[in-house]
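Next up, protein_29.cif (mmCIF, C-alpha atoms and all ligand atoms):
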data_query
loop_
_atom_site.label_atom_id
_atom_site.label_comp_id
_atom_site.auth_asym_id
_atom_site.auth_seq_id
_atom_site.Cartn_x
_atom_site.Cartn_y
_atom_site.Cartn_z
CA MET A 1 122.94 173.09 119.18
CA SER A 2 126.06 171.56 120.77
CA ASP A 3 125.82 168.88 123.43
CA PRO A 4 125.56 170.21 126.99
CA LEU A 5 128.09 170.19 129.76
CA ILE A 6 126.59 167.60 132.11
CA ILE A 7 127.11 167.65 135.86
CA VAL A 8 126.09 164.45 137.67
CA GLY A 9 125.16 165.37 141.25
CA SER A 10 123.36 168.45 142.57
CA GLY A 11 124.88 168.64 146.04
CA MET A 12 127.01 171.56 147.15
CA ALA A 13 129.76 170.54 144.69
CA GLY A 14 127.58 170.09 141.58
CA LEU A 15 125.37 173.11 142.20
CA GLY A 16 128.31 175.24 143.33
CA LEU A 17 130.09 174.43 140.07
CA ALA A 18 127.00 175.22 137.97
CA ARG A 19 126.71 178.62 139.69
CA GLN A 20 130.38 179.42 139.13
CA ILE A 21 130.16 178.46 135.45
CA ARG A 22 127.02 180.56 134.96
CA ALA A 23 128.77 183.56 136.54
CA ARG A 24 131.47 183.28 133.86
CA ASP A 25 129.41 182.12 130.86
CA THR A 26 125.74 182.98 130.44
CA ARG A 27 125.21 180.95 127.24
CA ARG A 28 126.71 177.52 127.79
CA ALA A 29 124.17 174.68 127.87
CA ILE A 30 124.30 173.00 131.29
CA THR A 31 122.39 169.89 132.43
CA LEU A 32 122.37 168.86 136.10
CA ILE A 33 121.32 165.28 136.86
CA THR A 34 120.61 164.02 140.34
CA ALA A 35 119.36 160.77 141.83
CA ASP A 36 117.67 162.69 144.68
CA SER A 37 114.97 165.36 144.95
CA GLY A 38 117.25 168.08 143.55
CA ASP A 39 116.35 170.61 146.26
CA ASP A 40 119.06 173.16 146.94
CA TYR A 41 119.98 172.71 150.60
CA SER A 42 123.00 173.06 152.85
CA LYS A 43 124.07 169.59 153.97
CA PRO A 44 125.88 170.88 157.12
CA LEU A 45 122.50 172.12 158.40
CA LEU A 46 121.12 168.55 158.52
CA SER A 47 122.89 167.99 161.85
CA THR A 48 121.50 171.20 163.38
CA GLY A 49 117.80 170.70 162.58
CA PHE A 50 116.55 168.49 165.43
CA ALA A 51 117.44 170.92 168.23
CA LYS A 52 114.86 173.32 166.83
CA GLY A 53 112.59 170.68 165.31
CA THR A 54 113.22 172.19 161.88
CA PRO A 55 110.89 170.61 159.29
CA PRO A 56 112.59 169.40 156.08
CA GLU A 57 110.82 171.98 153.93
CA ARG A 58 112.56 174.75 155.87
CA LEU A 59 115.97 173.26 154.97
CA ALA A 60 115.20 173.25 151.24
CA MET A 61 116.30 176.72 150.18
CA ARG A 62 115.22 176.39 146.53
CA SER A 63 113.20 173.84 144.58
CA PRO A 64 114.76 172.19 141.51
CA LEU A 65 112.48 174.36 139.35
CA ASP A 66 113.87 177.52 140.96
CA VAL A 67 117.40 176.17 140.56
CA ALA A 68 116.79 175.50 136.84
CA ASP A 69 115.31 178.95 136.42
CA ALA A 70 118.10 180.79 138.27
CA LEU A 71 120.85 178.90 136.44
CA GLN A 72 119.13 178.68 133.06
CA ALA A 73 119.99 174.99 133.17
CA VAL A 74 118.15 171.72 132.65
CA VAL A 75 117.74 169.96 136.01
CA ARG A 76 116.72 166.28 135.99
CA THR A 77 115.71 164.96 139.41
CA HIS A 78 115.22 161.40 140.69
CA THR A 79 117.33 160.31 137.72
CA ARG A 80 120.17 157.86 138.29
CA VAL A 81 122.94 157.72 135.71
CA ASP A 82 123.82 154.06 135.22
CA ALA A 83 126.96 154.20 133.10
CA ILE A 84 129.35 156.39 131.13
CA ASP A 85 130.64 155.65 127.63
CA SER A 86 133.67 157.95 127.54
CA HIS A 87 134.49 157.10 123.90
CA ALA A 88 131.02 157.91 122.57
CA ARG A 89 130.68 160.72 125.18
CA THR A 90 127.26 159.50 126.28
CA LEU A 91 125.58 158.68 129.57
CA ALA A 92 123.28 155.69 130.00
CA ILE A 93 120.08 156.33 131.95
CA GLY A 94 118.08 153.14 131.58
CA ALA A 95 117.62 152.70 127.82
CA GLU A 96 118.29 156.39 127.15
CA ARG A 97 121.67 157.56 125.76
CA LEU A 98 122.42 161.18 126.61
CA PRO A 99 125.31 162.90 124.80
CA TYR A 100 127.62 165.32 126.61
CA SER A 101 130.31 167.71 125.47
CA GLU A 102 132.09 167.60 128.83
CA LEU A 103 131.16 165.64 131.95
CA VAL A 104 131.66 166.50 135.61
CA LEU A 105 131.14 163.91 138.34
CA ALA A 106 129.97 165.36 141.66
CA THR A 107 128.47 162.15 143.00
CA GLY A 108 129.39 162.72 146.66
CA ALA A 109 129.95 160.01 149.27
CA ALA A 110 127.59 157.36 150.63
CA PRO A 111 127.21 156.10 154.20
CA SER A 112 129.14 152.91 154.75
CA ALA A 113 128.23 150.44 157.48
CA PRO A 114 130.47 147.58 158.58
CA PHE A 115 127.40 145.32 158.97
CA THR A 116 124.19 144.50 157.13
CA VAL A 117 120.86 145.62 158.52
CA ALA A 118 118.26 142.82 158.67
CA ASP A 119 114.85 143.41 157.08
CA GLU A 120 113.10 143.02 160.45
CA VAL A 121 114.67 146.26 161.75
CA CYS A 122 115.22 148.29 158.61
CA ASP A 123 112.20 150.55 159.20
CA ARG A 124 113.86 151.68 162.47
CA VAL A 125 117.43 152.05 161.21
CA PHE A 126 118.53 155.23 159.40
CA THR A 127 121.44 157.13 157.95
CA ILE A 128 121.25 160.88 157.31
CA ASN A 129 123.37 161.99 154.39
CA ASP A 130 120.95 164.08 152.34
CA LEU A 131 117.68 165.96 152.61
CA ASP A 132 115.61 162.89 151.62
CA ASP A 133 117.22 160.95 154.51
CA TYR A 134 116.46 163.87 156.83
CA ARG A 135 112.81 163.78 155.68
CA ARG A 136 112.54 160.08 156.51
CA PHE A 137 114.24 160.36 159.91
CA HIS A 138 112.28 163.50 160.81
CA ALA A 139 109.01 161.67 160.04
CA ALA A 140 110.04 158.62 162.12
CA LEU A 141 111.11 160.84 165.02
CA SER A 142 107.80 162.70 164.90
CA ARG A 143 105.93 159.38 165.22
CA HIS A 144 107.81 158.68 168.47
CA GLY A 145 106.85 161.89 170.23
CA SER A 146 108.96 164.43 172.01
CA ALA A 147 111.53 162.22 173.75
CA ALA A 148 112.40 159.39 171.39
CA ARG A 149 115.19 157.00 172.35
CA VAL A 150 117.81 157.21 169.59
CA ALA A 151 120.89 154.98 169.55
CA ILE A 152 123.65 156.45 167.39
CA VAL A 153 126.28 154.03 166.13
CA GLY A 154 129.54 155.83 165.38
CA ALA A 155 131.17 158.72 167.25
CA GLY A 156 132.84 160.57 164.37
CA LEU A 157 131.86 164.06 163.26
CA VAL A 158 128.41 163.08 161.98
CA GLY A 159 127.57 160.86 165.00
CA CYS A 160 128.70 163.48 167.55
CA GLU A 161 126.89 166.33 165.81
CA PHE A 162 123.60 164.39 165.62
CA ALA A 163 124.02 163.27 169.26
CA ASP A 164 124.39 166.86 170.48
CA ASP A 165 121.59 168.10 168.22
CA LEU A 166 119.09 165.38 169.20
CA LEU A 167 119.88 165.89 172.90
CA ALA A 168 119.24 169.62 172.49
CA GLY A 169 115.92 168.70 170.88
CA GLY A 170 114.88 166.78 174.03
CA HIS A 171 115.53 163.24 172.74
CA ARG A 172 117.28 160.49 174.68
CA VAL A 173 120.55 159.53 173.00
CA ALA A 174 122.93 156.59 173.39
CA LEU A 175 126.25 156.82 171.54
CA VAL A 176 127.98 153.54 170.66
CA ALA A 177 131.49 153.39 169.15
CA PRO A 178 134.57 151.16 169.36
CA GLU A 179 136.93 154.09 170.02
CA PRO A 180 137.49 155.01 173.68
CA THR A 181 136.83 158.72 173.05
CA PRO A 182 134.57 160.55 170.58
CA LEU A 183 135.93 162.15 167.38
CA ALA A 184 139.07 160.02 167.65
CA ARG A 185 140.21 160.88 164.10
CA LEU A 186 140.20 164.61 164.84
CA LEU A 187 140.92 164.87 168.58
CA PRO A 188 143.76 163.40 170.66
CA PRO A 189 142.34 161.57 173.75
CA PRO A 190 142.44 164.44 176.31
CA LEU A 191 140.32 166.62 174.00
CA GLY A 192 138.08 163.69 173.06
CA GLN A 193 137.44 163.21 176.79
CA VAL A 194 136.34 166.85 177.07
CA LEU A 195 133.79 166.33 174.29
CA GLY A 196 132.67 162.98 175.77
CA LYS A 197 132.15 164.61 179.18
CA ALA A 198 130.12 167.43 177.63
CA LEU A 199 127.90 164.96 175.75
CA GLY A 200 127.51 162.88 178.93
CA ASP A 201 126.64 165.99 181.00
CA THR A 202 124.01 166.87 178.39
CA GLY A 203 122.42 163.45 178.92
CA ALA A 204 124.04 161.09 176.40
CA ASP A 205 124.41 157.44 177.42
CA LEU A 206 128.00 156.90 176.22
CA ARG A 207 128.90 153.34 175.24
CA LEU A 208 132.44 153.99 174.01
CA GLY A 209 135.03 151.28 173.52
CA ARG A 210 132.12 149.00 172.51
CA SER A 211 131.09 147.66 169.11
CA LEU A 212 127.64 146.79 167.88
CA GLU A 213 127.20 143.04 167.46
CA GLN A 214 123.52 142.65 166.61
CA LEU A 215 120.31 144.51 165.97
CA HIS A 216 117.02 142.76 166.87
CA ARG A 217 113.40 143.72 166.57
CA ASP A 218 111.50 143.84 169.87
CA ASP A 219 107.78 144.53 169.80
CA ALA A 220 107.89 148.30 169.75
CA ALA A 221 111.65 148.84 169.76
CA VAL A 222 115.05 147.72 168.55
CA THR A 223 117.56 145.98 170.79
CA LEU A 224 121.24 146.62 170.17
CA THR A 225 123.57 143.93 171.52
CA LEU A 226 127.09 145.19 172.17
CA ASP A 227 130.33 143.19 172.19
CA ASP A 228 130.51 143.31 176.00
CA GLY A 229 127.17 141.46 176.16
CA GLU A 230 125.21 144.56 177.23
CA ALA A 231 121.91 145.30 175.50
CA LEU A 232 120.39 148.68 174.70
CA SER A 233 116.82 149.40 173.72
CA ALA A 234 116.02 152.19 171.28
CA ASP A 235 113.08 153.48 169.25
CA LEU A 236 115.33 154.43 166.35
CA VAL A 237 118.91 153.70 165.36
CA LEU A 238 121.09 156.15 163.46
CA ILE A 239 124.10 154.66 161.72
CA ALA A 240 127.02 157.10 161.46
CA THR A 241 129.93 154.78 160.76
CA GLY A 242 131.54 156.79 158.00
CA LEU A 243 131.20 157.79 154.36
CA SER A 244 132.83 156.29 151.27
CA PRO A 245 133.26 158.19 148.00
CA ARG A 246 130.63 157.13 145.41
CA THR A 247 132.77 155.79 142.61
CA ALA A 248 130.57 153.10 141.00
CA LEU A 249 129.54 155.37 138.11
CA ALA A 250 133.14 156.49 137.49
CA ASP A 251 134.13 152.84 137.45
CA THR A 252 131.86 152.19 134.45
CA ALA A 253 134.09 154.57 132.47
CA GLY A 254 137.26 152.90 133.70
CA LEU A 255 138.45 156.01 135.54
CA THR A 256 141.39 155.61 137.91
CA LEU A 257 140.00 155.13 141.43
CA SER A 258 141.23 154.50 144.94
CA ASP A 259 139.53 154.03 148.32
CA ALA A 260 139.82 157.82 148.67
CA GLY A 261 137.77 158.44 145.52
CA ILE A 262 138.07 159.32 141.84
CA GLN A 263 141.67 160.30 141.25
CA THR A 264 142.12 163.78 139.78
CA ASP A 265 144.96 166.19 139.28
CA ARG A 266 144.99 169.80 140.51
CA TYR A 267 142.79 170.72 137.53
CA LEU A 268 140.13 168.24 138.74
CA ALA A 269 140.79 166.23 135.56
CA THR A 270 140.23 162.48 135.86
CA SER A 271 142.19 159.86 133.95
CA ARG A 272 139.86 160.20 130.90
CA PRO A 273 139.71 163.28 128.63
CA GLY A 274 136.53 165.34 128.97
CA ILE A 275 135.67 164.04 132.46
CA HIS A 276 136.33 166.02 135.64
CA ALA A 277 135.34 165.30 139.26
CA LEU A 278 134.99 167.34 142.44
CA GLY A 279 133.48 167.25 145.92
CA ASP A 280 133.26 164.23 148.24
CA CYS A 281 133.69 161.75 145.37
CA ALA A 282 137.04 163.18 144.26
CA CYS A 283 140.55 162.59 145.53
CA VAL A 284 142.39 165.70 144.35
CA ALA A 285 146.17 165.28 144.05
CA GLY A 286 146.05 162.59 146.73
CA LEU A 287 143.60 164.31 149.13
CA ASN A 288 139.86 163.85 149.63
CA ALA A 289 139.04 166.47 152.26
CA MET A 290 135.23 165.82 152.35
CA TYR A 291 134.13 169.19 153.62
CA VAL A 292 132.75 172.38 152.20
CA GLN A 293 135.65 174.82 151.83
CA PRO A 294 137.76 172.50 149.62
CA LEU A 295 134.80 171.73 147.34
CA GLN A 296 134.02 175.44 147.00
CA ALA A 297 137.63 176.14 145.99
CA SER A 298 137.41 173.23 143.53
CA ALA A 299 134.16 174.55 142.02
CA LYS A 300 135.75 177.95 141.46
CA ALA A 301 138.92 176.55 139.88
CA LEU A 302 137.03 174.06 137.69
CA ALA A 303 134.59 176.71 136.46
CA ALA A 304 137.56 178.79 135.33
CA THR A 305 139.12 175.77 133.59
CA LEU A 306 135.88 174.80 131.84
CA THR A 307 135.37 178.35 130.59
CA GLY A 308 138.80 178.66 129.02
CA THR A 309 141.21 179.61 131.83
CA PRO A 310 142.98 176.47 133.07
CA THR A 311 143.25 176.90 136.85
CA ALA A 312 144.83 174.57 139.39
CA VAL A 313 143.08 174.31 142.74
CA ALA A 314 144.82 175.05 146.04
CA TYR A 315 143.46 174.49 149.57
CA GLY A 316 144.44 176.63 152.54
CA ALA A 317 144.85 175.62 156.20
CA TRP A 318 141.08 175.43 156.67
CA PRO A 319 140.00 174.01 160.03
CA VAL A 320 136.81 171.98 160.49
CA LEU A 321 134.27 173.57 162.85
CA VAL A 322 132.42 170.77 164.63
CA LYS A 323 128.80 171.70 165.38
CA THR A 324 128.51 170.46 168.96
CA PRO A 325 127.30 173.55 170.86
CA SER A 326 127.56 171.75 174.23
CA CYS A 327 131.34 171.66 173.62
CA PRO A 328 132.81 173.89 170.89
CA VAL A 329 135.40 171.97 168.84
CA VAL A 330 137.66 173.07 165.98
CA ALA A 331 140.25 170.83 164.30
CA LEU A 332 142.77 170.93 161.51
CA PRO A 333 143.96 167.32 161.28
CA PRO A 334 147.64 167.00 160.33
CA ARG A 335 148.28 165.37 156.91
CA GLN A 336 151.28 163.46 158.25
CA SER A 337 151.59 161.71 161.63
CA PRO A 338 152.93 164.21 164.14
CA THR A 339 155.98 163.45 166.30
CA ARG A 340 153.97 164.68 169.28
CA TRP A 341 150.76 166.37 170.35
CA ARG A 342 151.54 169.29 172.69
CA ILE A 343 148.52 169.87 174.94
CA GLU A 344 147.97 173.31 176.50
CA GLY A 345 145.21 174.80 178.66
CA LYS A 346 143.09 173.45 181.48
CA GLY A 347 139.65 172.08 182.23
CA ASP A 348 137.46 172.03 179.14
CA ASP A 349 139.54 174.67 177.34
CA LEU A 350 142.33 172.76 175.64
CA SER A 351 144.62 173.29 172.64
CA ALA A 352 146.41 170.31 171.10
CA LEU A 353 149.23 171.25 168.74
CA ALA A 354 150.46 168.54 166.34
CA GLU A 355 154.19 169.10 165.82
CA ASP A 356 156.98 167.53 163.79
CA GLU A 357 160.38 166.70 165.25
CA ASN A 358 161.51 170.33 164.77
CA GLY A 359 158.52 171.74 166.62
CA HIS A 360 156.80 172.95 163.42
CA LEU A 361 153.02 173.04 163.59
CA LEU A 362 151.37 170.39 161.37
CA GLY A 363 147.77 170.75 162.57
CA PHE A 364 145.74 171.36 165.71
CA ALA A 365 142.61 170.59 167.72
CA LEU A 366 140.85 173.00 170.08
CA THR A 367 138.03 172.70 172.62
CA GLY A 368 135.98 175.13 174.71
CA ALA A 369 137.24 178.70 174.92
CA CYS A 370 140.42 177.71 173.04
CA VAL A 371 138.49 177.53 169.73
CA ARG A 372 139.15 181.25 169.46
CA ARG A 373 142.80 180.38 168.64
CA LYS A 374 141.76 178.90 165.27
CA VAL A 375 142.64 181.96 163.20
CA GLU A 376 146.01 182.53 164.86
CA LEU A 377 146.98 178.84 164.47
CA ALA A 378 145.61 178.44 160.91
CA ARG A 379 147.91 181.29 159.87
CA VAL A 380 151.01 179.25 160.76
CA ALA A 381 149.75 175.75 159.91
CA PRO A 382 150.68 174.30 156.49
CA PRO A 383 147.99 174.51 153.77
CA LEU A 384 146.11 171.29 152.97
CA LEU A 385 147.04 171.51 149.29
CA PRO A 386 149.63 174.24 148.73
P1 LIG B 1 126.53 165.23 147.95
O1 LIG B 1 125.88 166.35 148.66
O2 LIG B 1 126.48 163.89 148.59
O3 LIG B 1 125.86 165.16 146.51
C1 LIG B 1 126.00 164.03 145.69
C2 LIG B 1 125.02 164.15 144.55
O4 LIG B 1 125.29 163.13 143.59
C3 LIG B 1 123.56 163.97 144.95
O5 LIG B 1 122.79 164.91 144.24
C4 LIG B 1 123.24 162.54 144.48
O6 LIG B 1 121.88 162.34 144.21
C5 LIG B 1 124.07 162.52 143.19
N1 LIG B 1 124.39 161.20 142.62
C6 LIG B 1 125.24 160.26 143.11
N2 LIG B 1 125.32 159.22 142.25
C7 LIG B 1 124.51 159.51 141.20
C8 LIG B 1 124.17 158.85 139.99
N3 LIG B 1 124.68 157.67 139.64
N4 LIG B 1 123.28 159.46 139.16
C9 LIG B 1 122.75 160.66 139.46
N5 LIG B 1 123.05 161.34 140.59
C10 LIG B 1 123.92 160.78 141.43
N6 LIG B 1 131.21 170.09 155.90
C11 LIG B 1 131.62 171.29 156.39
O7 LIG B 1 132.50 171.93 155.80
N7 LIG B 1 131.07 171.83 157.52
C12 LIG B 1 130.10 171.19 158.22
O8 LIG B 1 129.63 171.70 159.25
C13 LIG B 1 129.62 169.92 157.73
N8 LIG B 1 128.62 169.27 158.35
C14 LIG B 1 128.15 168.10 157.84
C15 LIG B 1 127.10 167.46 158.48
C16 LIG B 1 126.61 166.25 157.98
C17 LIG B 1 125.47 165.57 158.68
C18 LIG B 1 127.20 165.67 156.82
C19 LIG B 1 126.68 164.34 156.29
C20 LIG B 1 128.26 166.29 156.18
C21 LIG B 1 128.74 167.52 156.67
N9 LIG B 1 129.78 168.20 156.05
C22 LIG B 1 130.22 169.40 156.54
C23 LIG B 1 130.37 167.69 154.79
C24 LIG B 1 129.76 168.42 153.59
O9 LIG B 1 128.40 168.62 153.79
C25 LIG B 1 130.04 167.62 152.31
O10 LIG B 1 131.44 167.64 152.12
C26 LIG B 1 129.36 168.17 151.06
O11 LIG B 1 128.01 168.50 151.28
C27 LIG B 1 129.49 167.16 149.91
O12 LIG B 1 128.86 167.67 148.77
P2 LIG B 1 128.89 166.88 147.40
O13 LIG B 1 128.14 167.74 146.43
O14 LIG B 1 130.27 166.46 147.06
O15 LIG B 1 128.08 165.52 147.66
#
Turn this file's structure into structure tokens for me.
Amino acid sequence: MSDPLIIVGSGMAGLGLARQIRARDTRRAITLITADSGDDYSKPLLSTGFAKGTPPERLAMRSPLDVADALQAVVRTHTRVDAIDSHARTLAIGAERLPYSELVLATGAAPSAPFTVADEVCDRVFTINDLDDYRRFHAALSRHGSAARVAIVGAGLVGCEFADDLLAGGHRVALVAPEPTPLARLLPPPLGQVLGKALGDTGADLRLGRSLEQLHRDDAAVTLTLDDGEALSADLVLIATGLSPRTALADTAGLTLSDAGIQTDRYLATSRPGIHALGDCACVAGLNAMYVQPLQASAKALAATLTGTPTAVAYGAWPVLVKTPSCPVVALPPRQSPTRWRIEGKGDDLSALAEDENGHLLGFALTGACVRRKVELARVAPPLLP
């Protein structure tokens, strides 16, 4: 029997690819390897679970056994691949050497924190980037009863979504970030203020324009010291200071990397023959979009390529829908710096249009009732990857 196609990573990118390949080829041997539990779950739902108190088992749509059965694939869980030998076409897992015919890296992105967390507080400090993280945080939250005090560090998409979700679940939330308005990478300040006001009205203690200096253990709590000297007390701390593509494994094979991830061309091919990459770990033709629609398009294109029809991937003008029900937000960030942001609307219902010097639309951001303009604007905005 020939060596299998191996996919490292069973997140939405790895599993999505395996499904697309199976739809085109029922016989090919496929092995999926994952460092985590291997449950099939939708990562975007992690930041919607606390409003309804959703237990982790309800987020796991299929067990790894069901996945293996449905895909007729070998699924290895809690298995970390240590290194790749691209000449011998083998993977190192401890002392084991596993041969592959073709290899796909779908290793995702890992939370990155600009500080180290001391041992004395680490049982109170969390990140939530997969279902196992959600399990741990859910258990800790349950131990603190119905109105836990949660300090969230970072006011990007993940921090804002968890803030809104935890508030809706009856918890007390403080949001700490150095930017003066939330979601600063997606929203120009007037729209960021709308979101900040909505989070504040829902009960968030906003500490924006402030950085975290120190985390200390207090008897039953954690104290966060901010750079303005203020102190905050919390039962739990959630770090949401960004994600970095996981490239350490790719590095062992000497693949071309950048801060944006494993460099690939439009065919998701890396710099070494027989190795492809997709999802949050991959920078495709200069762009790492890090959300679901681009990785789904990549999975479809790569499945076609790996089953004999070389297919380049293209991304449309796909806006990001931010899951903050207290203030609907949609954004399509411009790929180049706009000459101006044209702001329209009033109150909480604002449209911000990013334009070049000729008035051409490069991207947009919408709040409140204006989110309904997303389809109309996406039609005229430039595609992410034409
Ligand atoms: P991951 O899901 O991170 O999977 C990586 C896999 O690689 C895992 O199985 C891991 O165990 C495995 N792995 C890594 N290294 C190794 C190794 N050495 N050996 C073995 N296995 C390894 N996007 C949207 O479009 N809409 C949303 O509403 C949205 N909401 C989000 C909410 C949250 C809270 C977060 C964190 C993200 C959200 N995103 C959203 C982004 C989206 O979920 C991600 O882009 C997507 O899930 C990434 O999938 P992935 O398969 O590339 O990576």
Give me the residues of chain A that have any atom at most 7 Å from an atom of ligand LIG 1 (chain B); for each, the nearest atom pair and the distance in Å, rounded to one decimal. Use all atoms listed in the file, sort by chain and number, and format it as a Markdown table.
| residue | atom | partner | partner_atom | distance |
| --- | --- | --- | --- | --- |
| A:Val8 | CA | B:LIG1 | N5 | 5.2 |
| A:Gly9 | CA | B:LIG1 | O4 | 3.2 |
| A:Ser10 | CA | B:LIG1 | O5 | 4.0 |
| A:Gly11 | CA | B:LIG1 | O13 | 3.4 |
| A:Met12 | CA | B:LIG1 | O13 | 4.0 |
| A:Ala13 | CA | B:LIG1 | O13 | 3.7 |
| A:Gly14 | CA | B:LIG1 | O13 | 5.4 |
| A:Ile33 | CA | B:LIG1 | C9 | 5.5 |
| A:Thr34 | CA | B:LIG1 | N5 | 3.6 |
| A:Ala35 | CA | B:LIG1 | O6 | 3.8 |
| A:Asp36 | CA | B:LIG1 | O6 | 4.3 |
| A:Gly38 | CA | B:LIG1 | O5 | 6.4 |
| A:Ser42 | CA | B:LIG1 | O11 | 7.0 |
| A:Lys43 | CA | B:LIG1 | O9 | 4.4 |
| A:Pro44 | CA | B:LIG1 | N8 | 3.4 |
| A:Leu45 | CA | B:LIG1 | C15 | 6.5 |
| A:Leu46 | CA | B:LIG1 | C17 | 5.3 |
| A:Ser47 | CA | B:LIG1 | C17 | 4.7 |
| A:Thr79 | CA | B:LIG1 | C9 | 5.7 |
| A:Arg80 | CA | B:LIG1 | N4 | 3.6 |
| A:Val81 | CA | B:LIG1 | N4 | 3.9 |
| A:Asp82 | CA | B:LIG1 | N3 | 5.8 |
| A:Ala106 | CA | B:LIG1 | O14 | 5.5 |
| A:Thr107 | CA | B:LIG1 | O4 | 3.4 |
| A:Gly108 | CA | B:LIG1 | O15 | 3.2 |
| A:Ala109 | CA | B:LIG1 | O2 | 5.2 |
| A:Ala110 | CA | B:LIG1 | O2 | 6.9 |
| A:Ile128 | CA | B:LIG1 | C17 | 6.5 |
| A:Asn129 | CA | B:LIG1 | C19 | 4.5 |
| A:Asp130 | CA | B:LIG1 | O1 | 6.6 |
| A:Val158 | CA | B:LIG1 | C17 | 5.1 |
| A:Arg246 | CA | B:LIG1 | N2 | 6.5 |
| A:Leu249 | CA | B:LIG1 | N3 | 5.6 |
| A:Leu278 | CA | B:LIG1 | O14 | 6.7 |
| A:Gly279 | CA | B:LIG1 | O14 | 3.5 |
| A:Asp280 | CA | B:LIG1 | O14 | 3.9 |
| A:Cys281 | CA | B:LIG1 | O14 | 6.1 |
| A:Met290 | CA | B:LIG1 | O10 | 4.2 |
| A:Tyr291 | CA | B:LIG1 | O10 | 3.4 |
| A:Val292 | CA | B:LIG1 | O7 | 3.6 |
| A:Gln293 | CA | B:LIG1 | O7 | 5.8 |
| A:Leu295 | CA | B:LIG1 | O14 | 7.0 |
| A:Val320 | CA | B:LIG1 | O7 | 6.4 |
| A:Leu321 | CA | B:LIG1 | O8 | 6.2 |
| A:Val322 | CA | B:LIG1 | O8 | 6.1 |
| A:Lys323 | CA | B:LIG1 | O8 | 6.2 |
> Mind pulling up the distance from CA of Leu212 (chain A) to CA of Pro189 (chain A)?
Replying inline: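 We find that CA of Pro189 (chain A) and CA of Leu212 (chain A) lie 21.7 Å from each other.
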Kindly provide, as lines of an AutoDock Vina configuration file, the centre and edge lengths (Å, one decimal) of an axis-aligned box around all atoms of region 336-354 of chain A given in the file, with 8 Å on each side.
center_x = 146.7
center_y = 168.3
center_z = 170.2
size_x = 34.5
size_y = 29.1
size_z = 40.0
>> For a quick check of understanding, using all atoms listed in the file, which of A:Ile6, A:Ala29, A:Cys160, A:Leu131 has the smallest distance to Leu186 (chain A)?
In response: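 For Leu186 (chain A), the nearest of the given residues is A:Cys160.
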> Nearest to Gly274 (chain A) among A:Arg89, A:Ile30, A:Ala198, A:Cys327, with distances taken over all atoms listed in the file: which residue is it?
Replying inline: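 Under the stated criterion, the closest residue is A:Arg89.
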Is it possible to add N, CA and C atoms to region 174-185 of chain A and hand it back as a PDB file, in the coordinates of the input?
ATOM      1  N   ALA A 174     121.801 157.457 173.002  1.00  0.00           N
ATOM      2  CA  ALA A 174     122.930 156.590 173.390  1.00  0.00           C
ATOM      3  C   ALA A 174     123.930 156.640 172.235  1.00  0.00           C
ATOM      4  N   LEU A 175     125.210 156.730 172.578  1.00  0.00           N
ATOM      5  CA  LEU A 175     126.250 156.820 171.540  1.00  0.00           C
ATOM      6  C   LEU A 175     127.172 155.611 171.685  1.00  0.00           C
ATOM      7  N   VAL A 176     127.195 154.785 170.633  1.00  0.00           N
ATOM      8  CA  VAL A 176     127.980 153.540 170.660  1.00  0.00           C
ATOM      9  C   VAL A 176     129.122 153.645 169.664  1.00  0.00           C
ATOM     10  N   ALA A 177     130.361 153.389 170.096  1.00  0.00           N
ATOM     11  CA  ALA A 177     131.490 153.390 169.150  1.00  0.00           C
ATOM     12  C   ALA A 177     132.645 152.595 169.718  1.00  0.00           C
ATOM     13  N   PRO A 178     133.449 151.977 168.848  1.00  0.00           N
ATOM     14  CA  PRO A 178     134.570 151.160 169.360  1.00  0.00           C
ATOM     15  C   PRO A 178     135.720 151.997 169.928  1.00  0.00           C
ATOM     16  N   GLU A 179     135.819 153.270 169.517  1.00  0.00           N
ATOM     17  CA  GLU A 179     136.930 154.090 170.020  1.00  0.00           C
ATOM     18  C   GLU A 179     136.648 154.490 171.473  1.00  0.00           C
ATOM     19  N   PRO A 180     137.703 154.660 172.269  1.00  0.00           N
ATOM     20  CA  PRO A 180     137.490 155.010 173.680  1.00  0.00           C
ATOM     21  C   PRO A 180     137.023 156.448 173.900  1.00  0.00           C
ATOM     22  N   THR A 181     137.272 157.326 172.923  1.00  0.00           N
ATOM     23  CA  THR A 181     136.830 158.720 173.050  1.00  0.00           C
ATOM     24  C   THR A 181     136.161 159.150 171.742  1.00  0.00           C
ATOM     25  N   PRO A 182     135.227 160.121 171.818  1.00  0.00           N
ATOM     26  CA  PRO A 182     134.570 160.550 170.580  1.00  0.00           C
ATOM     27  C   PRO A 182     135.524 161.335 169.663  1.00  0.00           C
ATOM     28  N   LEU A 183     135.190 161.390 168.398  1.00  0.00           N
ATOM     29  CA  LEU A 183     135.930 162.150 167.380  1.00  0.00           C
ATOM     30  C   LEU A 183     137.417 161.777 167.355  1.00  0.00           C
ATOM     31  N   ALA A 184     137.682 160.473 167.483  1.00  0.00           N
ATOM     32  CA  ALA A 184     139.070 160.020 167.650  1.00  0.00           C
ATOM     33  C   ALA A 184     139.961 160.372 166.458  1.00  0.00           C
ATOM     34  N   ARG A 185     139.361 160.550 165.261  1.00  0.00           N
ATOM     35  CA  ARG A 185     140.210 160.880 164.100  1.00  0.00           C
ATOM     36  C   ARG A 185     140.611 162.346 164.088  1.00  0.00           C
TER      37      ARG A 185
END
